[in-house]
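> One file: work.cif (mmCIF, C-alpha atoms).
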```cif
data_run
#
loop_
_atom_site.label_atom_id
_atom_site.label_comp_id
_atom_site.auth_asym_id
_atom_site.auth_seq_id
_atom_site.Cartn_x
_atom_site.Cartn_y
_atom_site.Cartn_z
CA MET A 1 4.75 3.48 -27.40
CA ILE A 2 2.86 3.88 -24.10
CA LYS A 3 -0.05 2.01 -25.63
CA ASN A 4 2.26 -0.83 -26.61
CA LYS A 5 3.68 -0.98 -23.09
CA ILE A 6 0.19 -1.14 -21.58
CA LYS A 7 -0.84 -3.84 -24.07
CA GLU A 8 2.30 -5.81 -23.31
CA HIS A 9 1.67 -5.71 -19.55
CA ILE A 10 -2.11 -5.52 -19.63
CA PHE A 11 -2.54 -8.00 -16.77
CA TYR A 12 -0.18 -6.03 -14.54
CA TYR A 13 -1.84 -2.69 -15.21
CA PHE A 14 -5.31 -4.19 -14.86
CA SER A 15 -4.33 -5.72 -11.50
CA LEU A 16 -2.77 -2.49 -10.26
CA LEU A 17 -5.78 -0.45 -11.32
CA SER A 18 -8.16 -2.96 -9.69
CA VAL A 19 -6.25 -2.87 -6.39
CA VAL A 20 -6.14 0.92 -6.41
CA ILE A 21 -9.87 1.28 -7.21
CA LEU A 22 -10.68 -1.31 -4.54
CA GLY A 23 -8.48 0.63 -2.10
CA VAL A 24 -10.37 3.89 -2.71
CA PHE A 25 -13.72 2.08 -2.56
CA LEU A 26 -12.91 0.34 0.73
CA THR A 27 -11.52 3.52 2.27
CA LEU A 28 -14.73 5.39 1.49
CA GLN A 29 -16.80 2.62 3.09
CA PHE A 30 -15.65 3.73 6.53
CA PRO A 31 -16.61 7.40 6.81
CA GLY A 32 -15.71 8.84 10.18
CA ASN A 33 -13.29 6.03 11.01
CA LYS A 34 -9.89 7.46 10.18
CA GLN A 35 -7.93 4.57 11.67
CA ILE A 36 -9.50 2.02 9.32
CA GLN A 37 -9.21 4.46 6.41
CA MET A 38 -5.49 4.94 7.05
CA MET A 39 -5.01 1.20 7.44
CA THR A 40 -6.70 0.62 4.06
CA ILE A 41 -4.40 3.19 2.46
CA VAL A 42 -1.32 1.56 4.03
CA ILE A 43 -2.37 -1.90 2.76
CA THR A 44 -3.04 -0.53 -0.74
CA THR A 45 0.37 1.19 -0.68
CA PHE A 46 2.08 -2.09 0.22
CA PHE A 47 0.32 -3.75 -2.73
CA TYR A 48 1.47 -0.95 -5.06
CA VAL A 49 5.09 -1.19 -3.88
CA GLY A 50 5.03 -5.01 -3.96
CA PHE A 51 3.39 -5.16 -7.40
CA GLY A 52 5.91 -2.68 -8.80
CA ILE A 53 8.92 -4.54 -7.43
CA VAL A 54 7.69 -7.98 -8.54
CA HIS A 55 6.77 -6.63 -11.99
CA HIS A 56 10.23 -5.13 -12.47
CA ARG A 57 11.92 -8.30 -11.23
CA GLU A 58 9.93 -10.45 -13.66
CA ASN A 59 9.92 -8.19 -16.72
CA HIS A 60 12.66 -5.58 -16.44
CA ASN A 61 15.92 -4.90 -14.66
CA LEU A 62 15.21 -4.60 -10.97
CA SER A 63 17.71 -2.45 -9.12
CA ALA A 64 17.91 -1.02 -5.62
CA LYS A 65 17.25 2.42 -7.12
CA ILE A 66 13.88 1.27 -8.47
CA VAL A 67 12.94 -0.42 -5.19
CA VAL A 68 13.76 2.80 -3.30
CA GLU A 69 11.77 4.83 -5.84
CA TYR A 70 8.61 2.76 -5.30
CA MET A 71 9.08 2.90 -1.55
CA LEU A 72 9.55 6.67 -1.58
CA ILE A 73 6.50 7.32 -3.77
CA GLY A 74 4.51 4.98 -1.51
CA ALA A 75 5.75 6.80 1.59
CA LEU A 76 4.94 10.17 0.01
CA GLY A 77 1.37 9.06 -0.75
CA MET A 78 0.91 7.74 2.78
CA THR A 79 2.29 10.86 4.48
CA ILE A 80 0.07 13.13 2.37
CA ALA A 81 -2.95 10.96 3.23
CA SER A 82 -2.15 10.95 6.96
CA PHE A 83 -1.47 14.73 6.86
CA PHE A 84 -4.90 15.21 5.32
CA LEU A 85 -6.63 12.84 7.76
CA LEU A 86 -5.03 14.53 10.75
CA GLY A 87 -6.36 17.89 9.64
CA SER A 88 -9.85 16.64 8.76
CA MET B 1 17.92 32.02 -14.70
CA PHE B 2 14.48 31.38 -13.20
CA LEU B 3 13.37 29.44 -16.27
CA LYS B 4 16.51 27.32 -16.04
CA PHE B 5 15.66 26.62 -12.42
CA LEU B 6 12.10 25.57 -13.34
CA HIS B 7 13.42 23.44 -16.18
CA HIS B 8 15.86 21.71 -13.87
CA PHE B 9 13.25 20.99 -11.21
CA PHE B 10 10.21 20.11 -13.29
CA LEU B 11 11.35 18.80 -16.69
CA PRO B 12 13.70 15.99 -17.73
CA HIS B 13 16.94 17.48 -18.96
CA GLU B 14 20.65 16.75 -19.21
CA SER B 15 21.23 18.88 -16.10
CA ASN B 16 19.08 16.54 -13.99
CA ASN B 17 20.09 13.28 -15.66
CA HIS B 18 16.84 13.25 -17.67
CA ARG B 19 14.65 13.04 -14.60
CA PRO B 20 13.04 16.17 -13.09
CA LYS B 21 14.87 17.10 -9.90
CA VAL B 22 11.58 17.00 -7.98
CA LEU B 23 11.35 13.26 -8.71
CA HIS B 24 14.88 12.48 -7.48
CA HIS B 25 15.12 10.42 -4.30
CA THR B 26 16.49 13.31 -2.25
CA SER B 27 13.61 15.57 -3.30
CA LEU B 28 11.04 12.87 -2.52
CA MET B 29 12.62 12.40 0.90
CA PHE B 30 12.47 16.16 1.43
CA PHE B 31 8.72 16.21 0.64
CA ILE B 32 8.08 13.25 2.96
CA PHE B 33 10.01 15.03 5.71
CA VAL B 34 8.05 18.25 5.16
CA PHE B 35 4.72 16.42 5.46
CA LEU B 36 5.85 14.57 8.58
CA VAL B 37 6.96 17.82 10.22
CA GLY B 38 3.69 19.38 9.02
CA GLN B 39 1.75 16.68 10.85
CA ILE B 40 3.62 17.32 14.10
CA MET B 41 3.11 21.07 13.78
CA MET B 42 -0.55 20.65 12.88
CA GLY B 43 -1.17 18.39 15.88
CA SER B 44 0.57 20.86 18.15
CA ALA B 45 -1.32 23.83 16.68
CA LYS B 46 -4.65 22.04 17.07
CA ALA B 47 -3.92 21.31 20.71
CA ASN B 48 -2.47 24.70 21.70
CA PHE B 49 -3.86 27.25 19.25
CA GLY B 50 -7.27 25.82 18.34
CA ASP B 51 -8.76 29.29 17.93
CA VAL B 52 -6.22 30.14 15.23
CA LEU B 53 -5.73 26.81 13.46
CA GLY B 54 -8.51 24.32 14.11
CA ALA B 55 -11.47 22.57 12.55
CA LYS B 56 -14.34 24.91 11.70
CA ILE B 57 -17.49 23.45 13.25
CA ASP B 58 -20.99 24.90 13.32
CA VAL B 59 -23.59 22.37 14.46
CA SER B 60 -26.53 23.62 16.52
CA VAL B 61 -29.84 22.22 17.70
CA GLU B 62 -31.67 25.31 16.47
CA ARG B 63 -30.38 24.83 12.91
CA LEU B 64 -30.92 21.04 12.97
CA LEU B 65 -34.52 21.57 14.04
CA GLN B 66 -35.11 24.21 11.42
CA LEU B 67 -33.64 22.06 8.63
CA THR B 68 -35.54 18.96 9.74
CA ASN B 69 -38.82 20.86 9.80
CA ASP B 70 -38.02 22.48 6.46
CA GLU B 71 -37.72 19.00 4.96
CA ARG B 72 -41.05 18.01 6.51
CA GLN B 73 -42.78 21.17 5.34
CA ASN B 74 -41.52 20.55 1.81
CA LYS B 75 -43.40 17.23 1.92
CA GLY B 76 -46.53 18.87 3.35
CA LEU B 77 -45.99 17.35 6.79
CA ARG B 78 -46.47 19.16 10.06
CA SER B 79 -43.44 20.44 11.94
CA LEU B 80 -42.10 18.52 14.88
CA LEU B 81 -42.07 20.21 18.27
CA LEU B 82 -38.80 20.41 20.16
CA ASN B 83 -39.39 18.43 23.32
CA ASP B 84 -37.37 18.94 26.51
CA LYS B 85 -37.66 15.31 27.55
CA LEU B 86 -36.54 13.95 24.18
CA SER B 87 -33.65 16.43 24.13
CA LYS B 88 -32.64 15.23 27.58
CA ALA B 89 -32.92 11.61 26.40
CA ALA B 90 -30.72 12.48 23.41
CA PHE B 91 -28.20 14.08 25.75
CA LEU B 92 -28.20 11.01 28.03
CA LYS B 93 -27.76 8.71 25.02
CA GLY B 94 -24.92 10.82 23.60
CA THR B 95 -23.15 11.01 26.96
CA TYR B 96 -23.52 7.25 27.39
CA MET B 97 -22.03 6.66 23.91
CA LEU B 98 -19.01 8.81 24.74
CA GLN B 99 -18.59 7.20 28.16
CA LYS B 100 -18.91 3.63 26.89
CA ASN B 101 -17.09 4.46 23.65
CA TYR B 102 -19.49 2.87 21.16
CA TRP B 103 -20.99 3.90 17.84
CA ALA B 104 -24.31 2.06 17.55
CA HIS B 105 -27.97 2.41 18.42
CA ASN B 106 -27.69 -0.27 21.08
CA ALA B 107 -24.84 -0.20 23.61
CA PRO B 108 -22.52 -3.23 23.92
CA ASP B 109 -24.20 -3.94 27.29
CA GLY B 110 -27.57 -4.16 25.50
CA THR B 111 -28.88 -0.72 26.52
CA THR B 112 -31.32 0.46 23.85
CA PRO B 113 -32.11 4.10 22.96
CA TRP B 114 -35.59 3.63 24.48
CA VAL B 115 -34.06 3.22 27.95
CA PHE B 116 -32.94 6.87 27.85
CA ILE B 117 -36.35 8.04 26.67
CA ARG B 118 -38.05 6.17 29.51
CA GLN B 119 -35.59 7.70 32.00
CA THR B 120 -36.95 11.15 31.12
CA LYS B 121 -40.56 9.97 31.73
CA TYR B 122 -41.51 10.60 28.10
CA ASP B 123 -44.35 8.09 27.77
CA TYR B 124 -43.91 7.25 24.09
CA VAL B 125 -46.09 5.25 21.74
CA TYR B 126 -43.69 5.73 18.81
CA ALA B 127 -40.01 6.52 19.06
CA GLY B 128 -37.03 6.67 16.70
CA GLU B 129 -33.40 7.69 16.67
CA ASN B 130 -30.91 9.10 14.16
CA LEU B 131 -27.20 9.45 14.91
CA ALA B 132 -24.42 11.41 13.22
CA ARG B 133 -20.80 12.09 13.98
CA GLY B 134 -17.88 13.92 12.45
CA PHE B 135 -19.88 16.52 10.50
CA THR B 136 -18.82 20.15 10.54
CA ASN B 137 -22.17 21.81 9.95
CA SER B 138 -25.87 21.17 10.55
CA SER B 139 -26.92 21.14 6.89
CA ASP B 140 -24.48 18.32 6.06
CA VAL B 141 -25.95 16.27 8.92
CA VAL B 142 -29.54 16.69 7.72
CA LYS B 143 -28.48 16.16 4.09
CA ALA B 144 -26.77 12.86 4.99
CA TRP B 145 -29.84 11.68 6.89
CA MET B 146 -32.13 12.62 4.02
CA GLU B 147 -29.96 10.66 1.58
CA SER B 148 -30.31 7.48 3.66
CA PRO B 149 -33.73 5.78 3.20
CA THR B 150 -34.06 4.60 6.82
CA HIS B 151 -33.02 7.93 8.36
CA ARG B 152 -35.20 9.75 5.86
CA ASP B 153 -38.17 7.59 6.93
CA ASN B 154 -37.62 8.69 10.52
CA MET B 155 -37.40 12.36 9.57
CA LEU B 156 -40.52 12.27 7.41
CA SER B 157 -42.59 9.89 9.51
CA THR B 158 -46.14 10.94 10.31
CA ASN B 159 -45.99 8.85 13.50
CA TYR B 160 -43.92 11.43 15.32
CA LYS B 161 -45.04 14.64 16.93
CA ASP B 162 -42.00 15.56 19.02
CA ILE B 163 -38.28 15.74 18.44
CA GLY B 164 -35.23 16.16 20.64
CA PHE B 165 -31.57 16.82 19.83
CA SER B 166 -28.25 16.71 21.53
CA VAL B 167 -24.95 17.96 20.10
CA LEU B 168 -21.89 16.85 22.03
CA GLU B 169 -18.15 17.03 21.61
CA GLY B 170 -15.93 14.23 22.79
CA LYS B 171 -13.65 11.36 21.96
CA LEU B 172 -15.36 8.42 20.27
CA LEU B 173 -13.43 5.36 19.08
CA GLY B 174 -10.16 7.21 19.55
CA GLU B 175 -11.14 10.33 17.59
CA ASP B 176 -12.26 13.79 18.66
CA THR B 177 -15.68 14.21 17.16
CA THR B 178 -18.95 16.11 17.21
CA LEU B 179 -21.77 13.71 18.02
CA VAL B 180 -25.39 14.47 17.09
CA VAL B 181 -28.26 12.47 18.57
CA GLU B 182 -31.73 13.07 17.16
CA MET B 183 -34.69 11.43 18.88
CA PHE B 184 -38.24 11.30 17.62
CA GLY B 185 -41.36 10.42 19.57
CA SER B 186 -45.06 10.63 20.02
CA THR B 187 -47.07 10.09 23.20
CA GLU B 188 -50.30 9.37 21.38
CA PRO B 189 -51.13 7.01 18.51
CA MET B 190 -51.78 8.60 15.13
CA VAL B 191 -55.33 8.21 13.80
CA LEU B 192 -55.10 6.72 10.34
CA GLY B 193 -56.41 8.97 7.61
CA SER B 194 -56.28 12.10 9.73
CA GLN B 195 -55.04 15.23 8.05
CA PRO B 196 -51.76 16.72 9.23
CA GLU B 197 -52.26 19.64 11.56
CA LYS B 198 -51.60 23.17 10.47
CA THR B 199 -47.92 23.54 9.63
CA ILE B 200 -46.29 25.78 12.16
CA PRO B 201 -43.07 27.59 11.23
CA SER B 202 -40.21 26.13 13.17
CA LYS B 203 -39.32 29.46 14.82
CA GLU B 204 -42.68 29.53 16.61
CA VAL B 205 -42.39 26.06 18.06
CA LEU B 206 -39.07 26.53 19.84
CA PRO B 207 -39.60 26.05 23.56
CA GLN B 208 -37.70 28.25 25.95
CA ILE B 209 -34.79 25.96 26.75
CA ALA B 210 -31.08 26.43 26.29
CA LEU B 211 -30.14 25.18 22.82
CA GLU B 212 -27.00 23.12 22.53
CA LYS B 213 -24.48 23.91 19.90
CA VAL B 214 -20.90 23.17 19.00
CA ILE B 215 -19.33 26.12 17.25
CA ASN B 216 -15.65 26.63 16.56
CA THR B 217 -14.54 29.34 14.18
CA PRO B 218 -10.74 29.35 13.96
CA VAL B 219 -8.85 31.89 11.85
CA PHE B 220 -7.64 29.08 9.58
CA ASP B 221 -9.82 26.03 8.98
CA ILE B 222 -7.31 23.21 9.39
CA SER B 223 -9.44 20.73 7.42
CA LEU B 224 -9.46 23.04 4.40
CA VAL B 225 -5.72 23.78 4.74
CA SER B 226 -4.80 20.07 4.89
CA ARG B 227 -7.20 19.28 2.03
CA TYR B 228 -5.87 21.96 -0.32
CA VAL B 229 -2.21 21.32 0.52
CA GLY B 230 -2.72 17.59 -0.08
CA ILE B 231 -4.58 18.07 -3.36
CA ALA B 232 -2.08 20.67 -4.65
CA THR B 233 0.95 18.47 -3.86
CA LEU B 234 -0.57 15.35 -5.42
CA ALA B 235 -1.73 17.26 -8.50
CA LEU B 236 1.77 18.70 -8.90
CA PHE B 237 3.44 15.28 -8.72
CA ILE B 238 0.92 13.68 -11.09
CA PHE B 239 1.41 16.55 -13.54
CA ILE B 240 5.22 16.24 -13.38
CA PHE B 241 5.04 12.46 -13.89
CA VAL B 242 2.75 12.92 -16.91
CA ILE B 243 4.98 15.59 -18.47
CA ASP B 244 8.08 13.49 -17.76
CA LEU B 245 6.43 10.45 -19.37
CA ILE B 246 5.46 12.38 -22.51
CA ILE B 247 8.88 14.01 -22.97
CA ILE B 248 10.86 10.82 -22.35
CA GLU B 249 8.64 8.86 -24.74
CA ARG B 250 9.12 11.47 -27.46
CA ARG B 251 12.87 11.67 -27.00
CA LYS B 252 13.10 7.86 -26.67
CA ILE B 253 15.45 8.15 -23.71
CA VAL B 254 16.17 4.93 -21.82
CA ARG B 255 16.41 5.33 -18.04
CA LEU B 256 16.65 2.97 -15.11
CA VAL B 257 13.57 4.17 -13.23
CA GLY B 258 10.16 2.85 -12.17
CA HIS B 259 7.07 3.13 -14.36
CA ASN B 260 5.55 6.60 -14.30
CA LEU B 261 2.15 5.06 -15.03
CA ASP B 262 2.35 3.08 -11.77
CA HIS B 263 3.17 6.21 -9.78
CA ILE B 264 0.45 8.23 -11.50
CA THR B 265 -2.13 5.50 -10.77
CA PHE B 266 -1.11 5.28 -7.11
CA LEU B 267 -0.97 9.03 -6.48
CA PHE B 268 -4.28 9.44 -8.31
CA MET B 269 -5.78 6.98 -5.82
CA ILE B 270 -4.68 9.16 -2.89
CA LEU B 271 -5.99 12.25 -4.72
CA LEU B 272 -9.34 10.57 -5.32
CA PHE B 273 -9.55 9.58 -1.67
CA ILE B 274 -8.98 13.18 -0.53
CA ILE B 275 -11.51 14.55 -3.03
CA LEU B 276 -14.22 11.99 -2.20
CA PHE B 277 -13.48 11.90 1.53
CA ASN B 278 -16.49 12.44 3.76
CA ARG B 279 -15.60 12.98 7.39
CA GLY B 280 -19.13 12.48 8.67
CA SER B 281 -20.86 9.21 9.44
CA ILE B 282 -24.52 8.43 10.18
CA LEU B 283 -26.25 5.58 11.92
#
```
Would you mind writing the file out in structure tokens?


Amino acid sequence: MIKNKIKEHIFYYFSLLSVVILGVFLTLQFPGNKQIQMMTIVITTFFYVGFGIVHHRENHNLSAKIVVEYMLIGALGMTIASFFLLGS
Amino acid sequence: MFLKFLHHFFLPHESNNHRPKVLHHTSLMFFIFVFLVGQIMMGSAKANFGDVLGAKIDVSVERLLQLTNDERQNKGLRSLLLNDKLSKAAFLKGTYMLQKNYWAHNAPDGTTPWVFIRQTKYDYVYAGENLARGFTNSSDVVKAWMESPTHRDNMLSTNYKDIGFSVLEGKLLGEDTTLVVEMFGSTEPMVLGSQPEKTIPSKEVLPQIALEKVINTPVFDISLVSRYVGIATLALFIFIFVIDLIIIERRKIVRLVGHNLDHITFLFMILLFIILFNRGSIL
């Protein structure tokens, strides 16, 4: 079933994976510069939230609950990253 | 009772509307709040109780010299001699970088590294410079330089006879950092085809000058604490999302929620960043 879902939305998952890999790659290109690293993470997070919302609007039932869910997961990822960067 | 609690928090079930309680909006907000408060507390602890909770740093000139000469000896090259003038030039360069707030070999005003060497009256024929910042120990600095072809060339060059170091702490580009300046030089041209001189163990070539070092040994290493807490939290959420995905797929339950695969991919990105993160930078 998961395989079918991935096949059905292969372009979406491929795009999301590409953005995420690019995000990690770009972040690691700036060792020692935490401000740029955090900025790269924030931009990648916005892409993830935006992609998720647009995908649900186009292909599924988009509700406020889903929008909030993506935003909260995005915020959680960003706060963990900034917590880590502050300590490093 | 405890198992019921775990079930409710970590597995989809009727009691949690078929979504683990940890993944509910209120729980996510709680975790975000905890990490935000954690950041404030960590910043305060770093500023006020650095000896208890701070970054563990151990970078010293003595160790940098030893490691550099070890690398040279491994290649059958003679050891470099620690030179007072080059060390002073390295100190002047490092201080200038912190004052002018730049991370480059040449300053924005065009000042080159050689200006600082000339200031110390070191009459060089050959000279070179390696820079590092943000590393927590000497071996990581030397390792990073050895992994970079241009820095490695400097470290293993037969043109140089002398070496000087400076290890400074300060704010560079808005971040508190440990800055390492390594300067190489020779006051006489090398004769082509000459054999390297007898290799002298680095301990014997240390001149009697005060060695600079930046050492901080807090009770808790804040970088390790933040790393492990971050990794553990992300791993927990990824694990819960995977388990939730598997169970819901098997039970064929329809819910109005986002795609777990999206969340797993995103959180995995943050996890990968923390695992692969390298705080040090060389130039």

> Hey, what comes out of the PyMOL selection byres ((chain A) within 9 of (chain B)) on this file? Could you write it as a PyMOL selection string?

chain A and resi 1-2+13+16-17+20-21+23-25+27-28+30-35+41+44-45+48+52-53+56+61-63+65-70+72-88

> Can you tell me how far CA of Val254 (chain B) sits from CA of Leu236 (chain B), in Å to one decimal?

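Taking CA of Val254 (chain B) and CA of Leu236 (chain B), their separation equals 23.7 Å.
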
> What does the distance from CA of His9 (chain A) to CA of Phe239 (chain B) come to in Å, to one decimal?

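The value is 23.1 Å.
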
> So that I can see what lies close to region 116-123 of chain B, please list as a PyMOL selection string the residues with an atom at most 8 Å from it, counting only C-alpha atoms and leaving out residues fewer than 5 positions away in the same chain.

chain B and resi 85-86+88-90+92-93+187

> Write the selection just made, keeping C-alpha atoms, as a tab-separated table (two decimals), in the coordinates of the input?


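And here is the file that came out, out-v1.tsv:
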```tsv
chain	number	residue	atom	x	y	z
B	85	LYS	CA	-37.66	15.31	27.55
B	86	LEU	CA	-36.54	13.95	24.18
B	88	LYS	CA	-32.64	15.23	27.58
B	89	ALA	CA	-32.92	11.61	26.40
B	90	ALA	CA	-30.72	12.48	23.41
B	92	LEU	CA	-28.20	11.01	28.03
B	93	LYS	CA	-27.76	8.71	25.02
B	187	THR	CA	-47.07	10.09	23.20
```

> Counting all atoms listed in the file, figure out which residue out of B:Thr150, B:Thr112, B:Asn130, B:Thr158 gets nearest to Arg78 (chain B).

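Looking only at the distances to Arg78 (chain B), the closest residue turns out to be B:Thr158.
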
> Kindly give the distance, in Å, that separates CA of Leu77 (chain B) and CA of Ile163 (chain B), rounded to a single decimal.

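Result for CA of Leu77 (chain B) versus CA of Ile163 (chain B): 14.1 Å, one decimal.
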
> Carefully work through the PyMOL selection byres ((chain B and resi 170) around 10) for this structure and note down the residues it includes, as a list of chain:residue names.

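Output of the PyMOL selection byres ((chain B and resi 170) around 10): B:Gly94, B:Thr95, B:Met97, B:Leu98, B:Gln99, B:Asn101, B:Leu168, B:Glu169, B:Lys171, B:Leu172, B:Leu173, B:Gly174, B:Glu175, B:Asp176, B:Thr177, B:Thr178, B:Leu179.
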
> For Leu11 (chain B), which of B:Ile253, B:Ile240, B:Met146, B:Val181 is the closest residue, counting only C-alpha atoms?

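Among the listed residues, the smallest separation from Leu11 (chain B) belongs to B:Ile240.
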
> Using all atoms listed in the file, list the residues that have an atom at most 8 Å from (-38.7, 15.6, 7.6), coordinates as in the file, as a PDB file with C-alpha atoms, in the coordinates of the input.


```pdb
ATOM      1  CA  THR B  68     -35.540  18.960   9.740  1.00  0.00           C
ATOM      2  CA  ASN B  69     -38.820  20.860   9.800  1.00  0.00           C
ATOM      3  CA  ASP B  70     -38.020  22.480   6.460  1.00  0.00           C
ATOM      4  CA  GLU B  71     -37.720  19.000   4.960  1.00  0.00           C
ATOM      5  CA  ARG B  72     -41.050  18.010   6.510  1.00  0.00           C
ATOM      6  CA  GLN B  73     -42.780  21.170   5.340  1.00  0.00           C
ATOM      7  CA  LYS B  75     -43.400  17.230   1.920  1.00  0.00           C
ATOM      8  CA  LEU B  77     -45.990  17.350   6.790  1.00  0.00           C
ATOM      9  CA  ARG B 152     -35.200   9.750   5.860  1.00  0.00           C
ATOM     10  CA  ASN B 154     -37.620   8.690  10.520  1.00  0.00           C
ATOM     11  CA  MET B 155     -37.400  12.360   9.570  1.00  0.00           C
ATOM     12  CA  LEU B 156     -40.520  12.270   7.410  1.00  0.00           C
ATOM     13  CA  SER B 157     -42.590   9.890   9.510  1.00  0.00           C
TER      14      SER B 157
END
```
